[in-house]
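The next block holds one structure in the form of structure tokens; read it before the comments.
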Amino acid sequence: MIPEDLRYTAEHEWVAGGGDGVVRVGITHFAQDALGDIVYVQLHEAGAVVTAGESLGEIESTKSVSEIYAPLSGTVSARNEALGDTPEVINTDPYGAGWLVEITPDDPAAVDGLLSAGAYRELTES
């Protein structure tokens with residue numbers, strides 16, 4: 001379950017869009033499966049400046065607490081407020097309603113430097 005039209009990070013985040021200058025970020029099916037039942041999500045608020053590779057927030061599951069890392073440097077333009085009440089949607093729809101934040105990247109071309117679906121597939125199968 002690795003959509004071909006997304007870009008990925010080695011930390012199991014996905015990135016969609018970029019055409020309008022904004023990208024949507026979430027965690028992959030692989031990541032949510034490894035975490036187990038997600039019970040709480042803490043994310044930076046809109047307006048926060050993030051740096052690629054640094055913390056964007058945390059996801060807590062019945063198994064552990066995991067950091068979420070910014071795939072790109074930029075400014076958080078929105079966060080998925082629905083996750084406050086229903087964090088488990090990340091388990092059921094990680095590529096849709098379970099998105100985490102939207103970021104306006106400092107360098108929109110940086111999306112192209114992320115992993116393709118094929119490269120991410122190789123990473124998760126090794």
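Letters A, B, ... mark the chains of the structure tokens in the order given; residue numbers begin at 1 per chain; ligand numbers begin at 1, in order shown.
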Test item, helix (DSSP H, G or I) assignment across chain A, answer as a ChimeraX atom specification: /A:29-35,81-84,89-92,108-113,117-125
Filtering to C-alpha atoms, could you give me those residues as an mmCIF file, in the first residue's frame?
data_model
loop_
_atom_site.group_PDB
_atom_site.id
_atom_site.type_symbol
_atom_site.label_atom_id
_atom_site.label_comp_id
_atom_site.auth_asym_id
_atom_site.auth_seq_id
_atom_site.Cartn_x
_atom_site.Cartn_y
_atom_site.Cartn_z
ATOM 1 C CA HIS A 29 0.589 2.732 6.057
ATOM 2 C CA PHE A 30 3.837 0.980 7.046
ATOM 3 C CA ALA A 31 4.355 3.457 9.921
ATOM 4 C CA GLN A 32 0.812 3.312 11.265
ATOM 5 C CA ASP A 33 0.894 -0.484 11.115
ATOM 6 C CA ALA A 34 4.153 -0.570 13.104
ATOM 7 C CA LEU A 35 2.769 1.872 15.679
ATOM 8 C CA GLU A 81 -7.589 19.515 13.773
ATOM 9 C CA ALA A 82 -9.903 16.485 13.456
ATOM 10 C CA LEU A 83 -7.097 14.282 14.799
ATOM 11 C CA GLY A 84 -7.581 15.841 18.244
ATOM 12 C CA VAL A 89 -8.310 7.802 11.638
ATOM 13 C CA ILE A 90 -4.558 7.675 10.940
ATOM 14 C CA ASN A 91 -4.837 3.880 11.288
ATOM 15 C CA THR A 92 -7.845 3.557 9.004
ATOM 16 C CA PRO A 108 9.130 23.705 -3.381
ATOM 17 C CA ALA A 109 11.643 21.844 -5.573
ATOM 18 C CA ALA A 110 12.850 19.985 -2.450
ATOM 19 C CA VAL A 111 9.855 17.656 -2.859
ATOM 20 C CA ASP A 112 11.636 16.156 -5.864
ATOM 21 C CA GLY A 113 14.536 15.174 -3.609
ATOM 22 C CA ALA A 117 7.279 5.207 -4.349
ATOM 23 C CA GLY A 118 9.682 2.635 -5.801
ATOM 24 C CA ALA A 119 12.570 3.745 -3.580
ATOM 25 C CA TYR A 120 10.322 3.750 -0.498
ATOM 26 C CA ARG A 121 9.050 0.262 -1.395
ATOM 27 C CA GLU A 122 12.670 -0.976 -1.536
ATOM 28 C CA LEU A 123 13.357 0.624 1.857
ATOM 29 C CA THR A 124 10.408 -1.069 3.542
ATOM 30 C CA GLU A 125 11.013 -4.459 1.937
#
Find the residues around A:Leu43 up to 7 Å (only C-alpha atoms counted), leave out those fewer than 3 positions away in its own chain, and share them as a list in words.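 Within the cut-off, the hits are Leu56, Gly57 and Glu58 of chain A.
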With only C-alpha atoms as the counted atoms, please give the residues lying no more than 12 Å from A:Asp93, apart from itself and same-chain residues fewer than 5 positions off, as a list in words. Met1, Gly26, Ile27, Thr28, His29, Gln32, Asp33, Ile38, Leu83, Thr86, Pro87, Glu88, Gly98, Trp99 and Leu100 of chain A
Kindly indicate which residue among A:Val15, A:Ala70, A:Leu115, A:Val23 lies nearest to A:Ala48, using only C-alpha atoms for the distances.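 Nearest candidate to A:Ala48 out of A:Val15, A:Ala70, A:Leu115, A:Val23: A:Ala70.
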Which of chain A end up as strand (DSSP E or B) when DSSP is run on this backbone - answer as a PyMOL selection string? chain A and resi 7-8+13-17+23-27+38-43+49-50+55-61+65-69+74-79+101-105+115
Counting only C-alpha atoms, what is within 7 Å of A:Ile59, bar same-chain residues fewer than 3 positions away, as a PyMOL selection string? chain A and resi 40-42+65-67
Got a sec: who's within 9 Å of A:Thr75, counting only C-alpha atoms, leaving out chain neighbours fewer than 3 positions off, as a VMD selection string? chain A and resid 46 to 51 102 to 106
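Interatomic distance, atom CA of A:His12 to atom CA of A:Ile68: 8.9 Å.
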Using only C-alpha atoms, find the one residue out of A:Val101, A:Trp14, A:Asp107, A:Ser61 that sits nearest to A:Ser73.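 The closest residue to A:Ser73 is A:Asp107.
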Nearest candidate to A:Glu45 (options A:Asn80, A:Ser64, A:Ser116, A:Thr9; using only C-alpha atoms):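 The shortest atom-to-atom distance to A:Glu45 comes from A:Asn80.
Atom CA of A:Pro94 is positioned 14.1 Å from atom CA of A:Arg7.
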Counting only C-alpha atoms, which of A:Val39, A:Ala78, A:Leu72, A:Ala97 gets nearest to A:Tyr8?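 Smallest separation from A:Tyr8 among the options: A:Leu72.
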Atom CA of A:Ala10 and atom CA of A:Val25, how far apart in Å?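 According to the coordinates, atom CA of A:Val25 and atom CA of A:Ala10 are separated by 13.7 Å.
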